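Undergrad: For reference, the file protein23.pdb (PDB, C-alpha atoms, pLDDT in the B column) is included below:
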```pdb
ATOM      1  CA  MET A 509     113.917  93.882  74.504  1.00 67.00           C
ATOM      2  CA  SER A 510     113.916  90.839  76.733  1.00 91.00           C
ATOM      3  CA  ALA A 511     111.298  90.469  79.442  1.00 92.00           C
ATOM      4  CA  TYR A 512     114.007  90.590  82.096  1.00 94.00           C
ATOM      5  CA  LEU A 513     115.298  93.956  80.853  1.00 95.00           C
ATOM      6  CA  GLN A 514     111.741  95.276  80.698  1.00 96.00           C
ATOM      7  CA  LEU A 515     111.213  94.152  84.304  1.00 96.00           C
ATOM      8  CA  ILE A 516     114.472  95.802  85.372  1.00 96.00           C
ATOM      9  CA  PHE A 517     113.761  99.134  83.653  1.00 95.00           C
ATOM     10  CA  SER A 518     110.121  99.203  84.742  1.00 95.00           C
ATOM     11  CA  PHE A 519     110.796  98.438  88.390  1.00 94.00           C
ATOM     12  CA  LEU A 520     113.850 100.692  88.541  1.00 94.00           C
ATOM     13  CA  GLN A 521     111.486 103.499  87.487  1.00 92.00           C
ATOM     14  CA  ILE A 522     108.914 102.453  90.059  1.00 91.00           C
ATOM     15  CA  GLY A 523     111.558 102.239  92.775  1.00 88.00           C
ATOM     16  CA  LEU A 524     113.075 105.556  91.693  1.00 87.00           C
ATOM     17  CA  PHE A 525     109.858 107.588  91.499  1.00 85.00           C
ATOM     18  CA  SER A 526     107.694 106.013  94.248  1.00 78.00           C
ATOM     19  CA  PHE A 527     107.839 108.917  96.661  1.00 72.00           C
ATOM     20  CA  GLY A 528     105.431 108.622  99.550  1.00 68.00           C
ATOM     21  CA  GLY A 529     105.371 104.885 100.124  1.00 69.00           C
ATOM     22  CA  GLY A 530     103.531 101.904  98.720  1.00 70.00           C
ATOM     23  CA  TYR A 531     100.165 103.512  98.049  1.00 74.00           C
ATOM     24  CA  ALA A 532     101.821 106.317  96.123  1.00 75.00           C
ATOM     25  CA  SER A 533     103.637 103.757  93.956  1.00 83.00           C
ATOM     26  CA  MET A 534     100.425 102.133  92.740  1.00 84.00           C
ATOM     27  CA  PRO A 535      99.816 104.522  89.815  1.00 87.00           C
ATOM     28  CA  LEU A 536     103.362 103.852  88.623  1.00 89.00           C
ATOM     29  CA  ILE A 537     102.890 100.083  88.921  1.00 91.00           C
ATOM     30  CA  ILE A 538      99.578 100.307  87.053  1.00 91.00           C
ATOM     31  CA  GLU A 539     101.223 102.407  84.332  1.00 92.00           C
ATOM     32  CA  GLN A 540     104.075  99.922  83.818  1.00 93.00           C
ATOM     33  CA  ALA A 541     102.440  96.539  84.464  1.00 94.00           C
ATOM     34  CA  VAL A 542      98.880  97.111  83.209  1.00 93.00           C
ATOM     35  CA  ILE A 543      98.925  99.930  80.650  1.00 93.00           C
ATOM     36  CA  LYS A 544     102.395  99.918  79.072  1.00 94.00           C
ATOM     37  CA  HIS A 545     103.478  96.262  79.094  1.00 95.00           C
ATOM     38  CA  HIS A 546     100.109  94.479  79.571  1.00 94.00           C
ATOM     39  CA  TRP A 547     101.718  91.990  81.940  1.00 95.00           C
ATOM     40  CA  ILE A 548      98.539  91.839  84.029  1.00 93.00           C
ATOM     41  CA  SER A 549      94.992  93.219  83.874  1.00 91.00           C
ATOM     42  CA  LEU A 550      93.674  95.910  86.220  1.00 88.00           C
ATOM     43  CA  SER A 551      91.520  93.250  87.848  1.00 86.00           C
ATOM     44  CA  THR A 552      94.588  91.067  88.430  1.00 89.00           C
ATOM     45  CA  PHE A 553      96.437  94.115  89.778  1.00 88.00           C
ATOM     46  CA  THR A 554      93.624  94.641  92.288  1.00 86.00           C
ATOM     47  CA  ASP A 555      93.917  90.989  93.332  1.00 86.00           C
ATOM     48  CA  LEU A 556      97.705  91.302  93.653  1.00 83.00           C
ATOM     49  CA  PHE A 557      97.285  94.496  95.650  1.00 81.00           C
ATOM     50  CA  THR A 558      94.943  92.652  98.018  1.00 80.00           C
ATOM     51  CA  ILE A 559      97.449  89.826  98.413  1.00 83.00           C
ATOM     52  CA  SER A 560     100.228  92.389  98.950  1.00 79.00           C
ATOM     53  CA  GLN A 561      98.171  93.874 101.774  1.00 75.00           C
ATOM     54  CA  MET A 562      97.872  90.472 103.465  1.00 76.00           C
ATOM     55  CA  THR A 563     101.568  89.623 103.251  1.00 80.00           C
ATOM     56  CA  PRO A 564     104.283  91.241 105.344  1.00 81.00           C
ATOM     57  CA  GLY A 565     106.394  93.921 103.731  1.00 80.00           C
ATOM     58  CA  PRO A 566     105.963  97.059 101.653  1.00 84.00           C
ATOM     59  CA  ILE A 567     103.262  97.044  98.981  1.00 83.00           C
ATOM     60  CA  ALA A 568     105.542  98.128  96.124  1.00 86.00           C
ATOM     61  CA  ILE A 569     108.059  95.405  96.858  1.00 89.00           C
ATOM     62  CA  ASN A 570     105.391  92.732  97.277  1.00 89.00           C
ATOM     63  CA  GLY A 571     103.717  93.942  94.085  1.00 89.00           C
ATOM     64  CA  SER A 572     106.981  93.837  92.148  1.00 92.00           C
ATOM     65  CA  THR A 573     107.603  90.308  93.379  1.00 93.00           C
ATOM     66  CA  PHE A 574     104.138  89.130  92.317  1.00 91.00           C
ATOM     67  CA  ILE A 575     104.301  90.843  88.910  1.00 94.00           C
ATOM     68  CA  GLY A 576     107.837  89.596  88.246  1.00 95.00           C
ATOM     69  CA  GLU A 577     106.664  86.071  89.072  1.00 94.00           C
ATOM     70  CA  ALA A 578     103.690  86.453  86.725  1.00 92.00           C
ATOM     71  CA  VAL A 579     105.975  87.571  83.892  1.00 93.00           C
ATOM     72  CA  LYS A 580     108.993  85.253  84.262  1.00 95.00           C
ATOM     73  CA  GLY A 581     108.408  82.943  87.212  1.00 95.00           C
ATOM     74  CA  PHE A 582     110.752  82.845  90.194  1.00 96.00           C
ATOM     75  CA  PRO A 583     113.714  84.488  88.375  1.00 96.00           C
ATOM     76  CA  GLY A 584     111.391  87.302  87.264  1.00 96.00           C
ATOM     77  CA  ALA A 585     110.260  87.790  90.858  1.00 96.00           C
ATOM     78  CA  ILE A 586     113.875  88.155  91.998  1.00 96.00           C
ATOM     79  CA  VAL A 587     114.779  90.550  89.147  1.00 97.00           C
ATOM     80  CA  ALA A 588     111.715  92.774  89.632  1.00 96.00           C
ATOM     81  CA  THR A 589     112.116  92.877  93.412  1.00 95.00           C
ATOM     82  CA  MET A 590     115.810  93.767  93.263  1.00 96.00           C
ATOM     83  CA  ALA A 591     115.160  96.435  90.616  1.00 96.00           C
ATOM     84  CA  CYS A 592     112.438  97.953  92.796  1.00 93.00           C
ATOM     85  CA  ILE A 593     114.596  97.961  95.944  1.00 92.00           C
ATOM     86  CA  PHE A 594     117.867  99.249  94.467  1.00 94.00           C
ATOM     87  CA  PRO A 595     116.899 102.920  93.941  1.00 90.00           C
ATOM     88  CA  ALA A 596     115.380 103.128  97.427  1.00 83.00           C
ATOM     89  CA  VAL A 597     118.570 101.851  99.048  1.00 91.00           C
ATOM     90  CA  VAL A 598     120.695 104.422  97.236  1.00 93.00           C
ATOM     91  CA  ILE A 599     118.260 107.326  97.625  1.00 84.00           C
ATOM     92  CA  CYS A 600     117.522 106.609 101.303  1.00 83.00           C
ATOM     93  CA  SER A 601     121.217 106.432 102.117  1.00 93.00           C
ATOM     94  CA  VAL A 602     121.901 109.791 100.456  1.00 93.00           C
ATOM     95  CA  LEU A 603     118.783 111.483 101.858  1.00 84.00           C
ATOM     96  CA  ALA A 604     119.421 110.193 105.373  1.00 88.00           C
ATOM     97  CA  TYR A 605     122.849 111.788 105.285  1.00 91.00           C
ATOM     98  CA  ILE A 606     121.477 115.096 103.920  1.00 86.00           C
ATOM     99  CA  TYR A 607     118.527 115.157 106.331  1.00 81.00           C
ATOM    100  CA  VAL A 608     120.682 114.534 109.406  1.00 86.00           C
ATOM    101  CA  LYS A 609     123.146 117.201 108.296  1.00 86.00           C
ATOM    102  CA  TYR A 610     120.618 119.883 107.227  1.00 82.00           C
ATOM    103  CA  LYS A 611     117.316 119.092 109.026  1.00 77.00           C
ATOM    104  CA  GLN A 612     117.177 122.448 110.842  1.00 81.00           C
ATOM    105  CA  ILE A 613     117.433 124.518 107.643  1.00 84.00           C
ATOM    106  CA  ASP A 614     114.231 126.156 106.351  1.00 85.00           C
ATOM    107  CA  TRP A 615     114.611 125.027 102.724  1.00 84.00           C
ATOM    108  CA  MET A 616     114.603 121.379 103.844  1.00 78.00           C
ATOM    109  CA  GLN A 617     111.309 121.875 105.688  1.00 81.00           C
ATOM    110  CA  ASN A 618     109.862 123.762 102.678  1.00 86.00           C
ATOM    111  CA  ILE A 619     110.736 120.937 100.292  1.00 83.00           C
ATOM    112  CA  LEU A 620     109.069 118.389 102.548  1.00 80.00           C
ATOM    113  CA  SER A 621     105.932 120.518 102.971  1.00 86.00           C
ATOM    114  CA  TYR A 622     105.508 120.806  99.176  1.00 87.00           C
ATOM    115  CA  LEU A 623     106.013 117.090  98.580  1.00 84.00           C
ATOM    116  CA  ARG A 624     103.152 116.083 100.903  1.00 85.00           C
ATOM    117  CA  PRO A 625     100.267 117.302  98.654  1.00 92.00           C
ATOM    118  CA  ALA A 626     101.806 115.521  95.646  1.00 88.00           C
ATOM    119  CA  VAL A 627     101.951 112.289  97.638  1.00 84.00           C
ATOM    120  CA  VAL A 628      98.305 112.684  98.685  1.00 89.00           C
ATOM    121  CA  ALA A 629      97.328 113.181  95.019  1.00 90.00           C
ATOM    122  CA  MET A 630      99.180 109.991  94.023  1.00 83.00           C
ATOM    123  CA  ILE A 631      97.412 108.043  96.766  1.00 85.00           C
ATOM    124  CA  ALA A 632      94.040 109.469  95.671  1.00 91.00           C
ATOM    125  CA  ILE A 633      94.614 108.391  92.046  1.00 88.00           C
ATOM    126  CA  SER A 634      95.418 104.881  93.239  1.00 80.00           C
ATOM    127  CA  GLY A 635      92.330 104.819  95.406  1.00 86.00           C
ATOM    128  CA  ILE A 636      90.122 105.905  92.510  1.00 89.00           C
ATOM    129  CA  SER A 637      91.584 103.214  90.219  1.00 84.00           C
ATOM    130  CA  ILE A 638      91.051 100.503  92.815  1.00 84.00           C
ATOM    131  CA  PHE A 639      87.547 101.845  93.597  1.00 88.00           C
ATOM    132  CA  ILE A 640      86.520 101.540  89.938  1.00 89.00           C
ATOM    133  CA  ALA A 641      88.046  98.067  89.536  1.00 85.00           C
ATOM    134  CA  SER A 642      86.422  96.844  92.764  1.00 86.00           C
ATOM    135  CA  PHE A 643      82.902  98.223  92.451  1.00 90.00           C
ATOM    136  CA  PHE A 644      82.215  98.039  88.710  1.00 89.00           C
ATOM    137  CA  ASN A 645      82.229  95.002  86.412  1.00 85.00           C
ATOM    138  CA  ASP A 646      84.897  95.189  83.686  1.00 75.00           C
ATOM    139  CA  SER A 647      85.964  98.599  85.073  1.00 68.00           C
ATOM    140  CA  LYS A 648      83.065 100.268  83.223  1.00 77.00           C
ATOM    141  CA  ILE A 649      81.477 103.079  85.208  1.00 86.00           C
ATOM    142  CA  ALA A 650      77.760 102.539  84.658  1.00 86.00           C
ATOM    143  CA  ILE A 651      74.748 101.790  86.831  1.00 87.00           C
ATOM    144  CA  SER A 652      74.358  98.414  85.125  1.00 87.00           C
ATOM    145  CA  ALA A 653      77.965  97.508  85.971  1.00 87.00           C
ATOM    146  CA  ILE A 654      77.785  98.181  89.719  1.00 91.00           C
ATOM    147  CA  ARG A 655      78.794  95.238  91.890  1.00 89.00           C
ATOM    148  CA  TYR A 656      76.368  95.752  94.795  1.00 92.00           C
ATOM    149  CA  HIS A 657      77.790  92.828  96.742  1.00 91.00           C
ATOM    150  CA  ALA A 658      81.221  94.501  96.700  1.00 91.00           C
ATOM    151  CA  ILE A 659      79.725  97.728  98.061  1.00 94.00           C
ATOM    152  CA  VAL A 660      78.025  95.846 100.910  1.00 94.00           C
ATOM    153  CA  VAL A 661      81.282  94.015 101.713  1.00 94.00           C
ATOM    154  CA  PHE A 662      83.153  97.350 101.640  1.00 95.00           C
ATOM    155  CA  PHE A 663      80.849  98.950 104.214  1.00 96.00           C
ATOM    156  CA  ILE A 664      80.870  95.879 106.466  1.00 96.00           C
ATOM    157  CA  CYS A 665      84.673  95.790 106.336  1.00 95.00           C
ATOM    158  CA  LEU A 666      84.846  99.513 107.022  1.00 95.00           C
ATOM    159  CA  ILE A 667      82.691  99.074 110.139  1.00 97.00           C
ATOM    160  CA  LEU A 668      84.675  96.042 111.317  1.00 96.00           C
ATOM    161  CA  LEU A 669      87.972  97.894 110.874  1.00 95.00           C
ATOM    162  CA  ARG A 670      86.998 101.330 112.227  1.00 96.00           C
ATOM    163  CA  LYS A 671      84.356 100.667 114.862  1.00 95.00           C
ATOM    164  CA  PHE A 672      85.386  97.231 116.126  1.00 95.00           C
ATOM    165  CA  LYS A 673      89.148  97.580 115.406  1.00 95.00           C
ATOM    166  CA  MET A 674      89.181  94.050 113.998  1.00 95.00           C
ATOM    167  CA  ASN A 675      92.430  92.589 112.697  1.00 94.00           C
ATOM    168  CA  PRO A 676      92.808  93.535 108.977  1.00 91.00           C
ATOM    169  CA  VAL A 677      93.904  90.020 108.015  1.00 88.00           C
ATOM    170  CA  LEU A 678      90.775  88.560 109.606  1.00 94.00           C
ATOM    171  CA  VAL A 679      88.608  91.173 107.852  1.00 94.00           C
ATOM    172  CA  MET A 680      90.175  90.284 104.486  1.00 89.00           C
ATOM    173  CA  PHE A 681      89.631  86.591 105.193  1.00 91.00           C
ATOM    174  CA  LEU A 682      85.956  87.222 106.018  1.00 94.00           C
ATOM    175  CA  ALA A 683      85.574  89.306 102.840  1.00 92.00           C
ATOM    176  CA  GLY A 684      87.002  86.418 100.817  1.00 89.00           C
ATOM    177  CA  VAL A 685      84.656  83.954 102.502  1.00 92.00           C
ATOM    178  CA  SER A 686      81.700  86.245 101.781  1.00 92.00           C
ATOM    179  CA  GLU A 687      82.654  86.316  98.079  1.00 87.00           C
ATOM    180  CA  VAL A 688      82.798  82.509  97.989  1.00 89.00           C
ATOM    181  CA  VAL A 689      79.399  82.258  99.682  1.00 91.00           C
ATOM    182  CA  PHE A 690      77.941  84.920  97.349  1.00 89.00           C
ATOM    183  CA  THR A 691      79.296  83.112  94.278  1.00 86.00           C
ATOM    184  CA  VAL A 692      77.917  79.748  95.406  1.00 88.00           C
ATOM    185  CA  ILE A 693      74.500  81.264  96.180  1.00 88.00           C
ATOM    186  CA  THR A 694      74.178  83.261  92.949  1.00 86.00           C
ATOM    187  CA  LYS A 695      75.840  80.897  90.494  1.00 83.00           C
ATOM    188  CA  GLY A 696      75.387  77.576  92.233  1.00 74.00           C
ATOM    189  CA  SER A 697      79.069  76.673  91.871  1.00 65.00           C
ATOM    190  CA  LEU A 698      82.552  78.144  92.146  1.00 62.00           C
ATOM    191  CA  CYS A 699      83.533  76.651  88.789  1.00 62.00           C
ATOM    192  CA  ASN A 700      81.168  78.748  86.632  1.00 56.00           C
TER     193      ASN A 700
END
```
Please express the file's structure as structure tokens.

TA:
Amino acid sequence: MSAYLQLIFSFLQIGLFSFGGGYASMPLIIEQAVIKHHWISLSTFTDLFTISQMTPGPIAINGSTFIGEAVKGFPGAIVATMACIFPAVVICSVLAYIYVKYKQIDWMQNILSYLRPAVVAMIAISGISIFIASFFNDSKIAISAIRYHAIVVFFICLILLRKFKMNPVLVMFLAGVSEVVFTVITKGSLCN
């Protein structure tokens, strides 16, 4: 099957089954792009996720654009993005009509209340995957593989975001600068 068809089918699935927003779509993106098709590594996915956070727009759509570009350049980015968006446009149009018409009915509220825990579970799985990729070298969970610098950066960023309400883009920029400084100090060069 051609790479374009694989992108279409993969991102149609992601767009079709990404209930709960961008964070909930991450396990599906990992399944398709990292595990099934090996388009990118988990480490690259984490980098793309970070970039998706810094750019405007939904994470799933930004992620599909970046992955499509990695697979087939600019045309791949367009194909993957359109495939990811299409199901949402159709589903949202239908659900908006149903919700407006039946929002006062008990079964509608029951359905929504049962979907929420599933969405939280999907977000938690994504968080665990990103946690492992961020804090352990080569995604191996072992004491010897812990990236202590990443843990320090995490806690500093957490404090800057929660306590000082610093702009997330500025926090991400500072985290990137700290990684450059750490690399230069420990390895003596960025090129190693």

Undergrad: Return as lines of an AutoDock Vina configuration file the box centre and box size in Å, one decimal, for an axis-aligned box around all listed atoms of range 651-660 of chain A padded by 5 Å per side.

TA:
```
center_x = 77.8
center_y = 97.3
center_z = 93.0
size_x = 16.9
size_y = 19.0
size_z = 25.8
```

Undergrad: Might you spell out which residues the PyMOL selection byres ((chain A and resi 633) around 12) would select in the displayed file, as a list in words?

TA: Tyr531, Ala532, Ser533, Met534, Pro535, Leu536, Ile538, Glu539, Ala626, Val627, Val628, Ala629, Met630, Ile631, Ala632, Ser634, Gly635, Ile636, Ser637, Ile638, Phe639 and Ile640 of chain A

Undergrad: For the PyMOL selection byres ((chain A and resi 644) around 12), applied here, can you spell out every residue it catches as an MDAnalysis selection string?

TA: chainID A and resid 550:551 636:643 645:659

Undergrad: Take the residues just selected and output them with C-alpha atoms as a short mmCIF file (atom, residue, chain, number, x, y, z; two decimals), in the coordinates of the input.

TA:
```cif
data_model
loop_
_atom_site.label_atom_id
_atom_site.label_comp_id
_atom_site.auth_asym_id
_atom_site.auth_seq_id
_atom_site.Cartn_x
_atom_site.Cartn_y
_atom_site.Cartn_z
CA LEU A 550 93.67 95.91 86.22
CA SER A 551 91.52 93.25 87.85
CA ILE A 636 90.12 105.90 92.51
CA SER A 637 91.58 103.21 90.22
CA ILE A 638 91.05 100.50 92.82
CA PHE A 639 87.55 101.84 93.60
CA ILE A 640 86.52 101.54 89.94
CA ALA A 641 88.05 98.07 89.54
CA SER A 642 86.42 96.84 92.76
CA PHE A 643 82.90 98.22 92.45
CA ASN A 645 82.23 95.00 86.41
CA ASP A 646 84.90 95.19 83.69
CA SER A 647 85.96 98.60 85.07
CA LYS A 648 83.06 100.27 83.22
CA ILE A 649 81.48 103.08 85.21
CA ALA A 650 77.76 102.54 84.66
CA ILE A 651 74.75 101.79 86.83
CA SER A 652 74.36 98.41 85.12
CA ALA A 653 77.96 97.51 85.97
CA ILE A 654 77.78 98.18 89.72
CA ARG A 655 78.79 95.24 91.89
CA TYR A 656 76.37 95.75 94.80
CA HIS A 657 77.79 92.83 96.74
CA ALA A 658 81.22 94.50 96.70
CA ILE A 659 79.72 97.73 98.06
#
```

Undergrad: Counting all atoms listed in the file, what is within 9 Å of Ile537 in chain A, bar same-chain residues fewer than 2 positions away, as a count of residues only?

TA: 14

Undergrad: Which is closer to Phe574 in chain A than all the others in A:Pro595, A:Gln514, A:Arg624, A:Trp547, using all atoms listed in the file?

TA: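 Looking at the shortest contact to Phe574 in chain A, the residue is A:Trp547.
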
Undergrad: Find the residues around Glu577 in chain A up to 10 Å (only C-alpha atoms counted), leave out those fewer than 5 positions away in its own chain, and share them as a PyMOL selection string.

TA: chain A and resi 571-572+582-589

Undergrad: Could you name the residues that touch Ala683 in chain A at 7 Å or less, counting only C-alpha atoms, but leaving out those on the same chain fewer than 4 positions away, as an mmCIF file with C-alpha atoms, keeping the file's coordinate frame?

TA:
```
data_model
loop_
_atom_site.group_PDB
_atom_site.id
_atom_site.type_symbol
_atom_site.label_atom_id
_atom_site.label_comp_id
_atom_site.auth_asym_id
_atom_site.auth_seq_id
_atom_site.Cartn_x
_atom_site.Cartn_y
_atom_site.Cartn_z
ATOM 1 C CA VAL A 661 81.282 94.015 101.713
ATOM 2 C CA VAL A 679 88.608 91.173 107.852
ATOM 3 C CA GLU A 687 82.654 86.316 98.079
#
```

Undergrad: Between A:Ile516, A:Cys665, A:Leu556, A:Val579, single out the one closest to Ala591 in chain A, counting only C-alpha atoms.

TA: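 Ranked by minimum distance to Ala591 in chain A, first place goes to A:Ile516.
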
Undergrad: Closest to Phe662 in chain A among A:Ser686, A:Gln521, A:Asn675, A:Ser560, using all atoms listed in the file?

TA: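 Using all atoms listed in the file, the shortest distance to Phe662 in chain A belongs to A:Ser686.
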